[in-house]
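Below is one structure; the comments refer to it alone.
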Amino acid sequence: MAANINSDKVIESIGVGPQTAAEIINYWLDIDTDCQQLLNPETTRIGMACEVADEAGKGPYWSLLLSSPEPESLLAE
């Protein structure tokens, strides 16, 4: 699936296992690199997705996209 993001900075965090959005966010906050990404003031846009796996005992799978605002040149189009 394409995110269609037009930004200078795009960051992704992925995870598997936590059952709720709050649990996965807390998981990422406990990992230094993911925490720094979540708290980065240059990233002002956020998108998050969850996919439940078909196999028993696996998932859900989480994806978090953070990005900076679109360049003004793209906003004028």
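Ligands are numbered from 1 in the order shown, residues from 1 within each chain, and chains are lettered A, B, ... in the order they appear in the structure tokens.
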
* Step one, run DSSP on the backbone; step two, keep only residues of range 11-54 of chain A assigned to strand (DSSP E or B); then write them as an NGL selection string. => :A and (11-16 or 45-51)

Keeping C-alpha atoms for every residue in the selection just given, could you write it to a file as a compact mmCIF listing (two decimals), in the first residue's frame?
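This is the output file result.txt:
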# COMPACT_ATOMS: atom_id res chain seq x y z
CA ILE A 11 10.10 7.89 9.38
CA GLU A 12 8.53 4.47 9.95
CA SER A 13 8.28 2.38 13.08
CA ILE A 14 6.92 -1.16 12.99
CA GLY A 15 5.98 -3.58 15.71
CA VAL A 16 4.15 -6.82 16.39
CA ARG A 45 2.12 14.48 10.43
CA ILE A 46 1.25 10.98 11.63
CA GLY A 47 -0.36 7.90 10.18
CA MET A 48 -0.85 4.55 11.87
CA ALA A 49 -2.15 1.18 10.70
CA CYS A 50 -2.82 -2.20 12.24
CA GLU A 51 -3.15 -5.56 10.49

* In Å, rounded to a single decimal, give me how far CA of Asp32 in chain A is from CA of Lys9 in chain A. =>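 Interatomic distance here is 18.9 Å.
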
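From CA of Leu64 in chain A back to CA of Ala21 in chain A, the distance works out to 10.3 Å.
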
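A straight line drawn from CA of Leu39 in chain A to CA of Pro71 in chain A is 20.6 Å long.
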
* Selection near Lys58 in chain A, 10 Å with only C-alpha atoms, sequence-local residues under 5 positions removed, as a ChimeraX atom specification -> /A:16-17,52-53

* **Polymer residues at most 12 Å from Glu42 in chain A, only C-alpha atoms, same-chain spacing of 5 or more positions, as a list in words** => Ser7, Asp8, Lys9, Val10, Ile11, Gln36, Gln37, Leu66, Ser67, Ser68, Pro69 and Glu70 of chain A
